[in-house]
$ cat model_35.cif   # mmCIF, N, CA and C atoms
data_data
#
loop_
_atom_site.label_atom_id
_atom_site.label_comp_id
_atom_site.auth_asym_id
_atom_site.auth_seq_id
_atom_site.Cartn_x
_atom_site.Cartn_y
_atom_site.Cartn_z
N ASP A 5 4.06 45.91 23.35
CA ASP A 5 4.82 44.74 23.74
C ASP A 5 4.11 43.45 23.35
N LYS A 6 2.78 43.41 23.53
CA LYS A 6 2.02 42.21 23.15
C LYS A 6 2.09 42.00 21.64
N ALA A 7 1.97 43.08 20.87
CA ALA A 7 2.05 42.97 19.41
C ALA A 7 3.42 42.45 18.99
N GLN A 8 4.49 42.92 19.66
CA GLN A 8 5.85 42.45 19.35
C GLN A 8 5.98 40.97 19.71
N ALA A 9 5.45 40.58 20.85
CA ALA A 9 5.53 39.17 21.28
C ALA A 9 4.73 38.29 20.32
N ASP A 10 3.54 38.75 19.93
CA ASP A 10 2.72 37.97 18.99
C ASP A 10 3.43 37.83 17.64
N GLN A 11 4.04 38.93 17.18
CA GLN A 11 4.76 38.88 15.91
C GLN A 11 5.94 37.94 16.01
N ALA A 12 6.67 37.98 17.09
CA ALA A 12 7.83 37.10 17.28
C ALA A 12 7.39 35.63 17.35
N ALA A 13 6.18 35.40 17.87
CA ALA A 13 5.67 34.03 17.99
C ALA A 13 5.03 33.55 16.68
N GLY A 14 4.91 34.45 15.71
CA GLY A 14 4.34 34.05 14.42
C GLY A 14 2.83 34.04 14.40
N VAL A 15 2.20 34.80 15.31
CA VAL A 15 0.73 34.86 15.34
C VAL A 15 0.24 35.54 14.07
N GLU A 16 -0.76 34.94 13.43
CA GLU A 16 -1.33 35.48 12.19
C GLU A 16 -1.84 36.90 12.40
N GLY A 17 -1.43 37.82 11.55
CA GLY A 17 -1.89 39.20 11.60
C GLY A 17 -1.12 40.10 12.56
N ALA A 18 -0.21 39.52 13.35
CA ALA A 18 0.52 40.31 14.34
C ALA A 18 1.48 41.30 13.68
N GLY A 19 2.06 40.94 12.56
CA GLY A 19 2.97 41.84 11.85
C GLY A 19 2.24 43.08 11.36
N ALA A 20 1.05 42.89 10.82
CA ALA A 20 0.26 44.02 10.34
C ALA A 20 -0.16 44.92 11.51
N LYS A 21 -0.53 44.30 12.62
CA LYS A 21 -0.93 45.06 13.81
C LYS A 21 0.26 45.86 14.32
N LEU A 22 1.45 45.25 14.36
CA LEU A 22 2.66 45.93 14.81
C LEU A 22 2.98 47.10 13.90
N ALA A 23 2.89 46.93 12.60
CA ALA A 23 3.15 48.02 11.66
C ALA A 23 2.17 49.17 11.88
N GLN A 24 0.92 48.83 12.13
CA GLN A 24 -0.10 49.85 12.40
C GLN A 24 0.25 50.63 13.67
N LEU A 25 0.70 49.93 14.71
CA LEU A 25 1.08 50.60 15.96
C LEU A 25 2.29 51.52 15.76
N TYR A 26 3.26 51.08 14.97
CA TYR A 26 4.42 51.92 14.68
C TYR A 26 3.99 53.17 13.90
N GLN A 27 3.08 53.02 12.96
CA GLN A 27 2.58 54.17 12.21
C GLN A 27 1.87 55.15 13.15
N GLN A 28 1.08 54.62 14.09
CA GLN A 28 0.40 55.47 15.06
C GLN A 28 1.41 56.20 15.95
N LEU A 29 2.48 55.48 16.37
CA LEU A 29 3.51 56.10 17.20
C LEU A 29 4.16 57.26 16.46
N ILE A 30 4.53 57.04 15.21
CA ILE A 30 5.18 58.11 14.44
C ILE A 30 4.21 59.28 14.22
N GLY A 31 2.95 58.93 13.89
CA GLY A 31 1.96 60.00 13.69
C GLY A 31 1.72 60.80 14.96
N SER A 32 1.57 60.14 16.09
CA SER A 32 1.34 60.83 17.37
C SER A 32 2.55 61.67 17.75
N SER A 33 3.75 61.14 17.54
CA SER A 33 4.97 61.86 17.86
C SER A 33 5.10 63.11 16.98
N ARG A 34 4.80 62.97 15.70
CA ARG A 34 4.88 64.11 14.77
C ARG A 34 3.88 65.19 15.20
N ASP A 35 2.66 64.72 15.56
CA ASP A 35 1.63 65.69 15.97
C ASP A 35 2.03 66.40 17.27
N ALA A 36 2.65 65.66 18.18
CA ALA A 36 2.98 66.23 19.48
C ALA A 36 4.26 67.05 19.46
N TYR A 37 5.28 66.60 18.71
CA TYR A 37 6.60 67.23 18.79
C TYR A 37 7.07 67.88 17.49
N GLY A 38 6.35 67.66 16.41
CA GLY A 38 6.84 68.11 15.11
C GLY A 38 7.90 67.15 14.61
N THR A 39 8.50 67.46 13.48
CA THR A 39 9.46 66.53 12.90
C THR A 39 10.91 66.90 13.17
N SER A 40 11.14 68.00 13.84
CA SER A 40 12.53 68.43 14.02
C SER A 40 13.08 68.14 15.41
N GLY A 41 12.24 67.69 16.33
CA GLY A 41 12.71 67.49 17.70
C GLY A 41 13.30 66.11 17.93
N PRO A 42 14.05 65.98 19.04
CA PRO A 42 14.68 64.70 19.36
C PRO A 42 13.65 63.63 19.74
N GLU A 43 12.51 64.05 20.25
CA GLU A 43 11.48 63.07 20.61
C GLU A 43 10.96 62.34 19.38
N TYR A 44 10.68 63.13 18.33
CA TYR A 44 10.20 62.51 17.08
C TYR A 44 11.27 61.59 16.50
N ALA A 45 12.51 62.03 16.50
CA ALA A 45 13.62 61.23 15.95
C ALA A 45 13.76 59.93 16.73
N ALA A 46 13.62 59.98 18.06
CA ALA A 46 13.73 58.77 18.88
C ALA A 46 12.57 57.82 18.60
N ASP A 47 11.35 58.38 18.51
CA ASP A 47 10.19 57.53 18.23
C ASP A 47 10.28 56.92 16.83
N ARG A 48 10.75 57.73 15.89
CA ARG A 48 10.92 57.22 14.51
C ARG A 48 11.96 56.10 14.48
N GLN A 49 13.07 56.32 15.18
CA GLN A 49 14.13 55.30 15.23
C GLN A 49 13.60 54.02 15.89
N ARG A 50 12.80 54.17 16.95
CA ARG A 50 12.20 53.00 17.62
C ARG A 50 11.31 52.22 16.65
N ALA A 51 10.51 52.95 15.86
CA ALA A 51 9.63 52.30 14.89
C ALA A 51 10.43 51.60 13.79
N VAL A 52 11.48 52.27 13.30
CA VAL A 52 12.31 51.68 12.25
C VAL A 52 13.02 50.44 12.78
N SER A 53 13.60 50.53 13.97
CA SER A 53 14.29 49.38 14.56
C SER A 53 13.33 48.22 14.80
N GLY A 54 12.15 48.54 15.31
CA GLY A 54 11.15 47.50 15.54
C GLY A 54 10.71 46.83 14.25
N ALA A 55 10.51 47.64 13.20
CA ALA A 55 10.10 47.09 11.90
C ALA A 55 11.21 46.22 11.31
N GLU A 56 12.46 46.66 11.43
CA GLU A 56 13.58 45.87 10.93
C GLU A 56 13.68 44.54 11.68
N ALA A 57 13.49 44.58 13.00
CA ALA A 57 13.53 43.34 13.79
C ALA A 57 12.39 42.40 13.39
N ALA A 58 11.21 42.98 13.14
CA ALA A 58 10.06 42.16 12.72
C ALA A 58 10.31 41.54 11.35
N ILE A 59 10.89 42.32 10.45
CA ILE A 59 11.19 41.81 9.10
C ILE A 59 12.22 40.69 9.19
N LYS A 60 13.25 40.88 10.01
CA LYS A 60 14.27 39.83 10.17
C LYS A 60 13.66 38.56 10.75
N ALA A 61 12.79 38.72 11.73
CA ALA A 61 12.14 37.55 12.34
C ALA A 61 11.30 36.80 11.30
N GLU A 62 10.59 37.53 10.45
CA GLU A 62 9.80 36.89 9.39
C GLU A 62 10.68 36.20 8.37
N GLN A 63 11.79 36.85 8.01
CA GLN A 63 12.72 36.23 7.07
C GLN A 63 13.30 34.94 7.67
N ASP A 64 13.67 34.98 8.94
CA ASP A 64 14.20 33.78 9.61
C ASP A 64 13.15 32.67 9.63
N ARG A 65 11.91 33.04 9.92
CA ARG A 65 10.82 32.05 9.95
C ARG A 65 10.62 31.44 8.55
N LEU A 66 10.66 32.29 7.53
CA LEU A 66 10.52 31.79 6.16
C LEU A 66 11.68 30.88 5.77
N ASN A 67 12.89 31.25 6.18
CA ASN A 67 14.06 30.41 5.89
C ASN A 67 13.95 29.05 6.57
N ARG A 68 13.49 29.05 7.84
CA ARG A 68 13.30 27.77 8.53
C ARG A 68 12.24 26.93 7.84
N ALA A 69 11.16 27.58 7.41
CA ALA A 69 10.09 26.84 6.71
C ALA A 69 10.62 26.27 5.39
N ALA A 70 11.44 27.05 4.69
CA ALA A 70 12.02 26.56 3.42
C ALA A 70 12.94 25.37 3.67
N GLU A 71 13.74 25.44 4.74
CA GLU A 71 14.62 24.32 5.08
C GLU A 71 13.82 23.08 5.42
N GLN A 72 12.73 23.26 6.17
CA GLN A 72 11.88 22.13 6.51
C GLN A 72 11.23 21.55 5.26
N GLN A 73 10.83 22.42 4.34
CA GLN A 73 10.23 21.95 3.09
C GLN A 73 11.25 21.17 2.27
N GLN A 74 12.48 21.67 2.21
CA GLN A 74 13.53 20.96 1.48
C GLN A 74 13.81 19.60 2.11
N ALA A 75 13.81 19.54 3.43
CA ALA A 75 14.03 18.27 4.12
C ALA A 75 12.87 17.30 3.83
N ALA A 76 11.65 17.83 3.78
CA ALA A 76 10.49 16.98 3.47
C ALA A 76 10.57 16.45 2.04
N VAL A 77 10.98 17.30 1.12
CA VAL A 77 11.13 16.87 -0.28
C VAL A 77 12.22 15.81 -0.39
N ALA A 78 13.33 16.01 0.30
CA ALA A 78 14.42 15.02 0.26
C ALA A 78 13.95 13.69 0.85
N ALA A 79 13.20 13.76 1.93
CA ALA A 79 12.68 12.52 2.54
C ALA A 79 11.71 11.83 1.60
N ALA A 80 10.87 12.61 0.92
CA ALA A 80 9.93 12.02 -0.04
C ALA A 80 10.67 11.37 -1.21
N GLU A 81 11.75 12.02 -1.66
CA GLU A 81 12.54 11.45 -2.76
C GLU A 81 13.21 10.15 -2.32
N ARG A 82 13.74 10.13 -1.08
CA ARG A 82 14.34 8.89 -0.56
C ARG A 82 13.29 7.79 -0.45
N SER A 83 12.11 8.18 0.01
CA SER A 83 11.02 7.21 0.15
C SER A 83 10.63 6.65 -1.21
N ALA A 84 10.54 7.52 -2.21
CA ALA A 84 10.19 7.07 -3.56
C ALA A 84 11.26 6.14 -4.11
N SER A 85 12.52 6.47 -3.85
CA SER A 85 13.62 5.61 -4.31
C SER A 85 13.55 4.24 -3.65
N LEU A 86 13.30 4.23 -2.34
CA LEU A 86 13.18 2.94 -1.64
C LEU A 86 11.97 2.16 -2.13
N LEU A 87 10.89 2.85 -2.42
CA LEU A 87 9.70 2.19 -2.94
C LEU A 87 9.98 1.59 -4.32
N ASP A 88 10.70 2.32 -5.16
CA ASP A 88 11.08 1.78 -6.47
C ASP A 88 11.95 0.54 -6.31
N GLU A 89 12.89 0.59 -5.38
CA GLU A 89 13.75 -0.56 -5.13
C GLU A 89 12.93 -1.76 -4.64
N GLY A 90 11.99 -1.48 -3.73
CA GLY A 90 11.11 -2.54 -3.23
C GLY A 90 10.27 -3.14 -4.33
N ASN A 91 9.76 -2.30 -5.23
CA ASN A 91 8.97 -2.79 -6.36
C ASN A 91 9.82 -3.65 -7.30
N SER A 92 11.06 -3.24 -7.51
CA SER A 92 11.96 -4.03 -8.35
C SER A 92 12.22 -5.41 -7.73
N LEU A 93 12.47 -5.41 -6.43
CA LEU A 93 12.70 -6.68 -5.74
C LEU A 93 11.45 -7.56 -5.76
N ALA A 94 10.28 -6.94 -5.62
CA ALA A 94 9.03 -7.70 -5.68
C ALA A 94 8.84 -8.30 -7.08
N ALA A 95 9.20 -7.55 -8.12
CA ALA A 95 9.08 -8.07 -9.49
C ALA A 95 10.02 -9.25 -9.69
N ILE A 96 11.23 -9.16 -9.15
CA ILE A 96 12.18 -10.28 -9.26
C ILE A 96 11.63 -11.49 -8.51
N ALA A 97 11.11 -11.27 -7.31
CA ALA A 97 10.54 -12.38 -6.51
C ALA A 97 9.36 -13.00 -7.24
N ASN A 98 8.51 -12.17 -7.86
CA ASN A 98 7.37 -12.71 -8.61
C ASN A 98 7.84 -13.55 -9.78
N GLY A 99 8.88 -13.11 -10.46
CA GLY A 99 9.42 -13.90 -11.57
C GLY A 99 9.95 -15.24 -11.09
N LYS A 100 10.64 -15.24 -9.96
CA LYS A 100 11.16 -16.50 -9.42
C LYS A 100 10.02 -17.41 -8.96
N LEU A 101 8.97 -16.81 -8.39
CA LEU A 101 7.81 -17.62 -8.00
C LEU A 101 7.12 -18.22 -9.22
N ASP A 102 7.00 -17.44 -10.29
CA ASP A 102 6.42 -17.97 -11.52
C ASP A 102 7.23 -19.16 -12.04
N THR A 103 8.56 -19.02 -11.99
CA THR A 103 9.42 -20.13 -12.42
C THR A 103 9.21 -21.35 -11.53
N LEU A 104 9.16 -21.13 -10.23
CA LEU A 104 8.96 -22.22 -9.29
C LEU A 104 7.60 -22.90 -9.52
N ILE A 105 6.57 -22.12 -9.73
CA ILE A 105 5.24 -22.70 -10.00
C ILE A 105 5.28 -23.52 -11.28
N GLY A 106 5.95 -22.99 -12.30
CA GLY A 106 6.07 -23.74 -13.55
C GLY A 106 6.78 -25.06 -13.36
N LEU A 107 7.86 -25.04 -12.59
CA LEU A 107 8.59 -26.29 -12.33
C LEU A 107 7.73 -27.27 -11.54
N MET A 108 6.98 -26.75 -10.57
CA MET A 108 6.11 -27.63 -9.79
C MET A 108 5.00 -28.23 -10.67
N GLU A 109 4.42 -27.42 -11.54
CA GLU A 109 3.39 -27.94 -12.44
C GLU A 109 3.96 -28.98 -13.39
N ARG A 110 5.16 -28.71 -13.91
CA ARG A 110 5.80 -29.68 -14.80
C ARG A 110 6.11 -30.97 -14.05
N GLY A 111 6.60 -30.83 -12.80
CA GLY A 111 6.89 -32.01 -11.99
C GLY A 111 5.63 -32.80 -11.68
N GLN A 112 4.54 -32.12 -11.43
CA GLN A 112 3.29 -32.81 -11.15
C GLN A 112 2.82 -33.57 -12.39
N GLY A 113 2.96 -32.93 -13.54
CA GLY A 113 2.58 -33.61 -14.79
C GLY A 113 3.46 -34.81 -15.06
N ASP A 114 4.77 -34.66 -14.83
CA ASP A 114 5.70 -35.78 -15.02
C ASP A 114 5.36 -36.92 -14.07
N LEU A 115 5.09 -36.61 -12.82
CA LEU A 115 4.77 -37.64 -11.84
C LEU A 115 3.46 -38.35 -12.21
N SER A 116 2.51 -37.59 -12.73
CA SER A 116 1.24 -38.18 -13.14
C SER A 116 1.46 -39.16 -14.30
N ARG A 117 2.28 -38.76 -15.26
CA ARG A 117 2.56 -39.64 -16.40
C ARG A 117 3.31 -40.88 -15.94
N ILE A 118 4.22 -40.71 -15.01
CA ILE A 118 5.00 -41.86 -14.52
C ILE A 118 4.09 -42.86 -13.83
N THR A 119 3.24 -42.38 -12.97
CA THR A 119 2.37 -43.30 -12.22
C THR A 119 1.31 -43.91 -13.11
N THR A 120 0.85 -43.15 -14.12
CA THR A 120 -0.17 -43.69 -15.02
C THR A 120 0.42 -44.69 -15.99
N ASN A 121 1.63 -44.44 -16.46
CA ASN A 121 2.25 -45.28 -17.48
C ASN A 121 3.27 -46.27 -16.94
N SER A 122 3.33 -46.44 -15.64
CA SER A 122 4.39 -47.29 -15.10
C SER A 122 4.03 -48.77 -15.16
N GLY A 123 2.79 -49.05 -15.51
CA GLY A 123 2.41 -50.47 -15.57
C GLY A 123 1.98 -50.95 -14.20
N ASP A 124 1.65 -52.22 -14.13
CA ASP A 124 1.18 -52.80 -12.88
C ASP A 124 2.34 -53.49 -12.20
N PHE A 125 2.88 -52.82 -11.20
CA PHE A 125 3.99 -53.39 -10.45
C PHE A 125 3.58 -53.64 -9.01
N GLY A 126 2.32 -53.95 -8.81
CA GLY A 126 1.85 -54.21 -7.46
C GLY A 126 1.73 -52.92 -6.69
N ASN A 127 2.34 -52.92 -5.52
CA ASN A 127 2.27 -51.73 -4.68
C ASN A 127 3.45 -50.77 -4.88
N TRP A 128 4.20 -50.92 -5.96
CA TRP A 128 5.37 -50.08 -6.19
C TRP A 128 5.25 -49.33 -7.51
N TRP A 129 5.68 -48.10 -7.48
CA TRP A 129 5.81 -47.32 -8.70
C TRP A 129 7.26 -46.94 -8.83
N ASP A 130 7.79 -47.14 -10.01
CA ASP A 130 9.18 -46.78 -10.25
C ASP A 130 9.24 -45.51 -11.09
N ALA A 131 10.12 -44.63 -10.72
CA ALA A 131 10.40 -43.43 -11.51
C ALA A 131 11.90 -43.28 -11.56
N PRO A 132 12.58 -44.16 -12.33
CA PRO A 132 14.05 -44.15 -12.31
C PRO A 132 14.64 -42.84 -12.83
N GLN A 133 13.96 -42.14 -13.74
CA GLN A 133 14.53 -40.90 -14.24
C GLN A 133 14.62 -39.84 -13.15
N PHE A 134 13.86 -40.02 -12.06
CA PHE A 134 13.94 -39.12 -10.91
C PHE A 134 14.62 -39.76 -9.73
N GLY A 135 15.04 -41.00 -9.89
CA GLY A 135 15.67 -41.70 -8.79
C GLY A 135 14.67 -42.06 -7.70
N LEU A 136 13.41 -42.32 -8.09
CA LEU A 136 12.36 -42.58 -7.11
C LEU A 136 11.78 -43.98 -7.26
N THR A 137 11.50 -44.57 -6.15
CA THR A 137 10.67 -45.77 -6.09
C THR A 137 9.68 -45.50 -4.98
N VAL A 138 8.40 -45.48 -5.30
CA VAL A 138 7.37 -45.10 -4.35
C VAL A 138 6.49 -46.30 -4.06
N ARG A 139 6.26 -46.57 -2.78
CA ARG A 139 5.38 -47.64 -2.39
C ARG A 139 3.97 -47.09 -2.33
N ASN A 140 3.03 -47.80 -2.96
CA ASN A 140 1.64 -47.40 -2.96
C ASN A 140 1.03 -47.75 -1.60
N PRO A 141 0.55 -46.81 -0.85
CA PRO A 141 -0.02 -47.11 0.45
C PRO A 141 -1.40 -47.74 0.37
N LEU A 142 -2.00 -47.72 -0.80
CA LEU A 142 -3.34 -48.29 -0.93
C LEU A 142 -3.23 -49.80 -1.22
N PRO A 143 -4.15 -50.61 -0.68
CA PRO A 143 -4.09 -52.06 -0.92
C PRO A 143 -4.41 -52.40 -2.35
#
$ encode --input "model_35.cif" --output "structure tokens"
Amino acid sequence: DKAQADQAAGVEGAGAKLAQLYQQLIGSSRDAYGTSGPEYAADRQRAVSGAEAAIKAEQDRLNRAAEQQQAAVAAAERSASLLDEGNSLAAIANGKLDTLIGLMERGQGDLSRITTNSGDFGNWWDAPQFGLTVRNPLP
């Protein structure tokens, strides 16, 4: 009974132990009753039924493990797809940031040229092409 419970619970080596016990049962029954009596037939049938139940339990366990593996693979594939999408969006964002930085650098250069080349207008700088008139806060 313990070997059957261990095998049903998936304990490592329990299936081999159960098979060994069934072989011992059949061997003891054959030695005690011979092969033609109902006792041997009943013990043999018990061993065959037990082995079939153990095999079915192992097959069910393997099927569940395969289903779990398939679910893990599907989750990994979804994760990879989402990661690819995130990387694509990050690349787009980086491109837009590069454009923005370029525009800011160009604007800074334009503003520098305007203030340097605007002449001496006292405390005012004019940048009509940008619609700006800036008061110089310095005396």
$ closest_residue --input "model_35.cif" --among "A:Ala79, A:Arg48, A:Lys6, A:Gly90" --to "A:Arg34" --atoms "only C-alpha atoms"
A:Arg48
$ closest_residue --input "model_35.cif" --among "A:Val52, A:Lys100, A:Leu107, A:Ser83" --to "A:Tyr26" --atoms "only N, CA and C atoms"
A:Val52
$ closest_residue --input "model_35.cif" --among "A:Ala75, A:Leu101, A:Ala46, A:Ala12" --to "A:Ala58" --atoms "all atoms listed in the file"
A:Ala12
$ residues_around --input "model_35.cif" --residues "A:Ile30" --least-positions-apart "6" --cutoff "8 Å" --atoms "all atoms listed in the file" --output "PyMOL selection string"
chain A and resi 24+36+44+47-48+51
$ write_last_selection --input "model_35.cif" --atoms "N, CA and C atoms" --output "PDB file, in the coordinates of the input"
ATOM      1  N   GLN A  24       0.920  48.830  12.130  1.00  0.00           N
ATOM      2  CA  GLN A  24      -0.100  49.850  12.400  1.00  0.00           C
ATOM      3  C   GLN A  24       0.250  50.630  13.670  1.00  0.00           C
ATOM      4  N   ALA A  36       2.650  65.660  18.180  1.00  0.00           N
ATOM      5  CA  ALA A  36       2.980  66.230  19.480  1.00  0.00           C
ATOM      6  C   ALA A  36       4.260  67.050  19.460  1.00  0.00           C
ATOM      7  N   TYR A  44      10.680  63.130  18.330  1.00  0.00           N
ATOM      8  CA  TYR A  44      10.200  62.510  17.080  1.00  0.00           C
ATOM      9  C   TYR A  44      11.270  61.590  16.500  1.00  0.00           C
ATOM     10  N   ASP A  47      11.350  58.380  18.510  1.00  0.00           N
ATOM     11  CA  ASP A  47      10.190  57.530  18.230  1.00  0.00           C
ATOM     12  C   ASP A  47      10.280  56.920  16.830  1.00  0.00           C
ATOM     13  N   ARG A  48      10.750  57.730  15.890  1.00  0.00           N
ATOM     14  CA  ARG A  48      10.920  57.220  14.510  1.00  0.00           C
ATOM     15  C   ARG A  48      11.960  56.100  14.480  1.00  0.00           C
ATOM     16  N   ALA A  51      10.510  52.950  15.860  1.00  0.00           N
ATOM     17  CA  ALA A  51       9.630  52.300  14.890  1.00  0.00           C
ATOM     18  C   ALA A  51      10.430  51.600  13.790  1.00  0.00           C
TER      19      ALA A  51
END
$ resolve_selection --input "model_35.cif" --expression "the PyMOL selection byres (((chain A and resi 61 and name CA) around 12) and name CA)" --output "PyMOL selection string"
chain A and resi 8-14+19+54-60+62-68
$ write_last_selection --input "model_35.cif" --atoms "N, CA and C atoms" --output "CSV table (one decimal), keeping the file's coordinate frame"
chain,number,residue,atom,x,y,z
A,8,GLN,N,4.5,42.9,19.7
A,8,GLN,CA,5.8,42.4,19.4
A,8,GLN,C,6.0,41.0,19.7
A,9,ALA,N,5.4,40.6,20.8
A,9,ALA,CA,5.5,39.2,21.3
A,9,ALA,C,4.7,38.3,20.3
A,10,ASP,N,3.5,38.8,19.9
A,10,ASP,CA,2.7,38.0,19.0
A,10,ASP,C,3.4,37.8,17.6
A,11,GLN,N,4.0,38.9,17.2
A,11,GLN,CA,4.8,38.9,15.9
A,11,GLN,C,5.9,37.9,16.0
A,12,ALA,N,6.7,38.0,17.1
A,12,ALA,CA,7.8,37.1,17.3
A,12,ALA,C,7.4,35.6,17.4
A,13,ALA,N,6.2,35.4,17.9
A,13,ALA,CA,5.7,34.0,18.0
A,13,ALA,C,5.0,33.6,16.7
A,14,GLY,N,4.9,34.4,15.7
A,14,GLY,CA,4.3,34.0,14.4
A,14,GLY,C,2.8,34.0,14.4
A,19,GLY,N,2.1,40.9,12.6
A,19,GLY,CA,3.0,41.8,11.8
A,19,GLY,C,2.2,43.1,11.4
A,54,GLY,N,12.2,48.5,15.3
A,54,GLY,CA,11.2,47.5,15.5
A,54,GLY,C,10.7,46.8,14.2
A,55,ALA,N,10.5,47.6,13.2
A,55,ALA,CA,10.1,47.1,11.9
A,55,ALA,C,11.2,46.2,11.3
A,56,GLU,N,12.5,46.7,11.4
A,56,GLU,CA,13.6,45.9,10.9
A,56,GLU,C,13.7,44.5,11.7
A,57,ALA,N,13.5,44.6,13.0
A,57,ALA,CA,13.5,43.3,13.8
A,57,ALA,C,12.4,42.4,13.4
A,58,ALA,N,11.2,43.0,13.1
A,58,ALA,CA,10.1,42.2,12.7
A,58,ALA,C,10.3,41.5,11.4
A,59,ILE,N,10.9,42.3,10.4
A,59,ILE,CA,11.2,41.8,9.1
A,59,ILE,C,12.2,40.7,9.2
A,60,LYS,N,13.2,40.9,10.0
A,60,LYS,CA,14.3,39.8,10.2
A,60,LYS,C,13.7,38.6,10.8
A,62,GLU,N,10.6,37.5,10.4
A,62,GLU,CA,9.8,36.9,9.4
A,62,GLU,C,10.7,36.2,8.4
A,63,GLN,N,11.8,36.8,8.0
A,63,GLN,CA,12.7,36.2,7.1
A,63,GLN,C,13.3,34.9,7.7
A,64,ASP,N,13.7,35.0,8.9
A,64,ASP,CA,14.2,33.8,9.6
A,64,ASP,C,13.2,32.7,9.6
A,65,ARG,N,11.9,33.0,9.9
A,65,ARG,CA,10.8,32.0,10.0
A,65,ARG,C,10.6,31.4,8.6
A,66,LEU,N,10.7,32.3,7.5
A,66,LEU,CA,10.5,31.8,6.2
A,66,LEU,C,11.7,30.9,5.8
A,67,ASN,N,12.9,31.2,6.2
A,67,ASN,CA,14.1,30.4,5.9
A,67,ASN,C,14.0,29.0,6.6
A,68,ARG,N,13.5,29.0,7.8
A,68,ARG,CA,13.3,27.8,8.5
A,68,ARG,C,12.2,26.9,7.8
$ atom_distance --input "model_35.cif" --atom1 "atom C of A:Gln74" --atom2 "atom N of A:Leu86"
16.0 Å
$ closest_residue --input "model_35.cif" --among "A:Ala97, A:Arg110, A:Ser33, A:Glu89" --to "A:Arg50" --atoms "only C-alpha atoms"
A:Ser33
$ closest_residue --input "model_35.cif" --among "A:Ala70, A:Ala23, A:Ala76, A:Leu104" --to "A:Ser53" --atoms "only C-alpha atoms"
A:Ala23
$ atom_distance --input "model_35.cif" --atom1 "atom CA of A:Gly31" --atom2 "atom C of A:Ala7"
18.4 Å
